[in-house]
Every structure is written in C-alpha cells, then in structure tokens.
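A.B. asks: Once you've had a glance at the structure underneath, I'll fire off some questions.
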Amino acid sequence: MRKDLHGLSLSTDSTEAGDAFDRATMAYLKYRTDAGRHLGAALKADPDFALGYVTRGYFNMLAYNTANLQGAADSLAEARKRSSRMNPREAAHTEALAKWIEGDLDRMLEIWEGIFAEHPHDVMAFRLHHFNAFWLGRPGQMQAEVEKVYPHWSADYPGWATLLSCRCFAHEEAGNYTLAESAGRMAIEVDPGDLWGAHAIAHVLEMQGRRGEGIEWLKRLEANWEGANNLKHHLHWHRAMFHIERREFDEVLKQYDKGFRDMGSPLTQAMPDMYIDVQNAASMLFRLERHGVDVGDRWVELADKAEARIGDCLSAFTLPHWMMALAATGRTDAAKRMIEAMHAFGQGNTTVSRLVGRIALPICEAVLAHRQGKHQAVLSHMRPIISDMYLLGGSHAQQDVLEQLFLDSALKAESAEDVRLMLERVAGRHPVPPARRVGYAAAAARYAH
C-alpha cells in the first residue's frame with residue numbers, strides 16, 4: 001500500500017492519489033484554498049480511496065455550517081462502503097468523522113487522541129483535534145496533547161512548522177507566553193507562510209500589549225499569505241485589534257473594508273457567511289460603536305446573513321455575533337426567532353447543544369437586551385454564566401467582546417459591583433491591566449479604587 005508523506009499507510013495503491021492526498025494535507029495545514037481541489041484529484045485518481053472520503057467529510061465539517069452536514073454524511077457513507085480496504089488508523093478516522101456528525105465531540109476528540117498516541121505523525125488527526133479543542137474552550141487539552149506529540153517531531157517531517165505554531169498557540173492560550181513566542185517565531189523561520197504561526201504570535205503580542213510590534217509583525221508577513229483561506233482575514237482583524245488599542249479608528253475601518261470584510265474579494269464572495277469572518281466583523285463593529293465611531297451601514301449585510309442562518313447552531317461562539325447584527329439593525333422579530341431556535345436546539349444532547357442551551361442562549365438574550373437599553377437584564381442574563389463563557393471557544397482576544405458587553409451594561413446600569421467584577425475578572429485573565437486597555441480604561445479610572 002502507498003504511504004503518505006509522514007510514512008503512514010494509506011488505503012490506496014495509486015501513486016497519483018497518494019501524492020494528491022499529500023498536497024491536500026499540506027494545503028490544509030497551511031490554510032490554503034486549494035486543499036479541496038487536491039483532495040478531489042486524489043479521489044479522481046482512486047475513487048475507492050477510503051481515507052480520501054473521510055477527509056472530504058472533515059473538510060465539510062470544518063465550515064461549521066448545517067448546510068454541509070449532508071455532504072459530510074455522504075462522504076462518511078462512501079468511506080464505510082470501502083471499510084474492507086481500510087487499515088485500523090483509517091477506520092478510527094472514519095469513526096471520528098461519524099462522531100463529529102453526530103455531535104459527540106468528546107468522543108471525537110478521544111478517538112483522535114488515540115490515533116496520534118499510536119501514530120504521532122498523523123498530523124491530520126492532531127491538527128483537527130487542536131482546532132476542535134480550541135472551539136470547545138479547552139486550552140489545557142490543546143497544551144497537553146501538543147506536548148505528547150512534540151518529542152516525536154523535528155524539521156525532518158513535513159508540517160514541522162504546524163507543530164511549532166500549534167505549540168505556540170496552545171501555550172499562549174494557557175498563559176505561557178515565553179515558550180509560546182519561542183515556538184511561534186521558530187515556526188515562521190521554518191515557513192514564513194505558516195499562517196497559524198503568524199496568528200499565534202499575534203496573540204502573544206496582543207496579550208502582552210505589544211501593539212506596535214504586532215502591527216509590524218503582520219505587515220511584514222502579509223506578503224506570504226497569497227492563496228490563503230479565511231484565516232488571512234482573521235490576521236487583518238488582529239492588526240485592527242492593535243490599531244483600536246491605539247485609538248486609530250480610521251485605520252481600523254480601513255482594515256475592515258479592505259482586510260477582513262472586503263465584500264468585493266473573491267474569497268469573501270465564495271464564503272460570505274463563514275463563521276470566523278462573521279466573528280471578526282461583528283465583534284469589531286461592536287467595539288467601534290462603544291468608542292462612538294459611526295460604522296455606517298456595515299451591520300446590514302451581516303444581519304441579512306444572520307437571518308438566513310437562524311437555526312444553525314453548530315458554532316456556539318458565532319451565535320452572539322449573529323445576534324449583534326440582528327439587534328443592531330432593529331430586527332427584533334428575527335432576533336426572537338433566533339432565540340426560539342436556539343432554545344429548541346439547546347434541548348438536544350450533543351456537546352454543542354448543551355453549550356448553546358446553557359451558555360450561548362443567555363448571552364444572545366443579553367446582546368439583544370443591550371441594544372434595547374435594558375442593561376439590568378443584560379447583567380441578569382450574563383452574571384450566572386460569566387465564568388463559563390470560555391466553554392464556547394474563542395481566544396482570550398475573541399472572548400473580550402463578550403466581557404466588554406457585560407462591562408458596558410454594568411456602566412450604564414451604574415452597577416459598581418458588576419463593573420468591579422468584570423475589571424477584576426479581566427485583570428486576572430489578561431496581563432495588560434485594564435487601565436491600559438482601550439475598552440476598560442474609563443471604567444478602571446472610575447471604579448478601580
């Protein structure tokens with residue numbers, strides 16, 4: 001049987017299929033848009049390549065879009081038809097895909113952990129685990145698993161930069177900034193086009209308040225992002241985050257319109273409602289409005305897409321961002337329909353349905369109440385779950401918009417106790433003191449003592 005670029009057996013005898021699969025793997029690791037094209041070439045070369053179908057299912061699931069579930073299920077069915085050709089590692093991948101589709105994400109993570117415990121160079125299993133653990137708010141799990149596989153890797157293996165950048169991001173989210181920065185900078189030395197490494201270092205610089213360095217870091221690396229997927233947009237969002245801390249609001253709007261929400265770009269047009277893009281856009285508009293910046297009609301196109309996605313709850317962390325757009329445009333009826341749909345989804349017994357019902361739902365109710373000026377209601381919705389918001393996933397930098405939502409209502413409700421609660425909370429999570437952060441400075445000046 002053919003072996004992949006890491007020496008692992010594949011259920012194909014086709015050299016052409018194996019080579020195309022290797023290209024698809026590397027494109028996925030490097031966040032390139034041509035990963036699907038290479039995978040299609042692998043399946044064309046060998047229509048009985050079982051792991052190719054599993055991977056196609058994985059790619060469908062990565063979009064966090066219910067419209068893709070049927071495609072993932074179809075790919076799973078095609079893989080299972082060829083189960084007799086699979087080796088045990090590929091069979092485990094098939095089961096992981098099945099659990100992902102079913103919504104049993106805890107079991108899915110366990111299966112991937114078992115795969116790379118036995119095959120530490122199965123970079124697909126490792127990278128998918130890292131991604132999903134992040135969106136479940138589990139930095140400790142990310143950190144533990146990267147340290148298990150790390151000793152088995154070196155520059156001799158394709159994808160070494162990916163291991164380094166994942167190590168960087170896991171340790172950054174766990175607050176170990178020194179080790180994180182070392183690993184991330186090494187990743188970029190190995191591969192200047194490693195977007196996850198660029199992203200991970202941007203997080204280190206964000207958390208340490210190194211804003212000028214952050215802007216220059218991203219400007220210097222931007223030339224290496226040709227052919228990148230939507231993570232490129234998120235890097236422009238990170239640059240805007242540095243600019244907003246420096247109160248350079250015109251530059252933030254420029255990054256919005258030409259960097260992370262360019263409606264004329266082919267990438268945005270191909271995936272206009274991609275979850276990470278929605279998070280980037282809505283969270284930045286919310287922050288800008290807090291500072292009195294007129295954002296024009298930018299909320300409208302987001303709200304149009306939010307209405308079309310009511311009932312799609314696969315990305316729990318994206319839901320408050322959809323709600324921000326509906327609330328900002330006064331679409332109260334649509335917002336109520338979204339809350340009803342979330343309530344129904346939250347009655348389920350999947351990993352995400354439990355998170356939606358217990359955490360995302362009250363946050364979305366708070367988002368709507370905030371826009372309606374019902375600030376005591378915001379505090380009532382959020383106060384009981386504020387310590388569990390991290391379970392929705394998202395980084396410290398991304399979760400910050402929810403913390404600012406609570407703080408803004410606490411200020412407007414003149415609830416000193418709640419203002420201090422949030423100031424103390426963010427002071428414990430973020431090494432830059434609230435007095436030096438643009439979204440918290442006014443509150444800190446008034447209530448810190």
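Residues are referred to by chain and number: the chain letter is A, B, ... according to the order shown in the structure tokens, the number counts from 1 in that chain, and ligands are numbered separately from 1 in the order shown.
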Show me, as a ChimeraX atom specification, the residues that have an atom within 10 Å of Gln404 in chain A when counting only C-alpha atoms, minus same-chain residues fewer than 5 positions from it.
C.D. replies: /A:286-287,290,399,409-410,422-423,426,439-440
A.B. asks: Residues near Leu405 in chain A, anyone? I mean within 8 Å using only C-alpha atoms, not counting same-chain ones fewer than 4 positions away, as a list in words.
C.D. replies: Val367, His370, Val401 and Ser409 of chain A
A.B. asks: I'd like the neighbourhood of range 383-387 of chain A as a list in words, where a residue qualifies if any of its atoms comes within 9 Å (using only C-alpha atoms), though same-chain residues fewer than 3 positions away should be ignored.
C.D. replies: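 The neighbour list is Arg358, Ile359, Pro362, Ile363, Val378, Leu379, Ser380, Tyr390, Glu403, Phe406, Asp418 and Arg425 of chain A.
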A.B. asks: Please provide as a PyMOL selection string all residues within 10 Å of His243 in chain A, with the sequence filter that same-chain residues fewer than 4 positions apart are discarded (counting only C-alpha atoms).
C.D. replies: chain A and resi 211-212+214-215+237-239+247-253+255
A.B. asks: Between CA of Ala187 in chain A and CA of Leu218 in chain A, what is the distance in Å, rounded to a tenth?
C.D. replies: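 Spanning CA of Ala187 in chain A to CA of Leu218 in chain A is a straight-line distance of 14.6 Å.
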A.B. asks: Take CA of Thr350 in chain A and CA of Glu102 in chain A and report the distance between them in Å, one decimal.
C.D. replies: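 For CA of Thr350 in chain A relative to CA of Glu102 in chain A, the distance reads 7.5 Å.
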A.B. asks: Quick one: of A:Gln398, A:Gln208, A:Ser265, A:Thr318, who's nearest to Asn229 in chain A, counting only C-alpha atoms?
C.D. replies: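 For Asn229 in chain A, the nearest of the given residues is A:Ser265.
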A.B. asks: Tell me, as an NGL selection string, which residues lie within 7 Å of range 125-132 of chain A, counting only C-alpha atoms; anything in the same chain fewer than 6 positions away does not count.
C.D. replies: :A and (109 or 112 or 115-116 or 142)
A.B. asks: Find the residues near range 338-340 of chain A: any atom within 8 Å, counting only C-alpha atoms, skip ones fewer than 4 places away on the same chain, and give them as number ranges by chain.
C.D. replies: A: 310-311, 323, 334, 344, 361, 364-365
A.B. asks: Do a neighbour search on range 64-67 of chain A at 7 Å with only C-alpha atoms, toss out local chain neighbours closer than 5 positions, and write the hits as a list in words.
C.D. replies: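 Counting only the stated atoms, we get Asp312, Leu314 and Ser315 of chain A.
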A.B. asks: Once DSSP has gone over the backbone, tell me which residues of range 172-294 of chain A are in helix (DSSP H, G or I), as a PyMOL selection string.
C.D. replies: chain A and resi 172-173+177-190+195-207+211-224+231-245+249-260+266-270+275-290
A.B. asks: To one decimal place in Å, what is the distance between CA of Gly57 in chain A and CA of Tyr31 in chain A?
C.D. replies: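 Going from CA of Gly57 in chain A over to CA of Tyr31 in chain A covers 17.0 Å.
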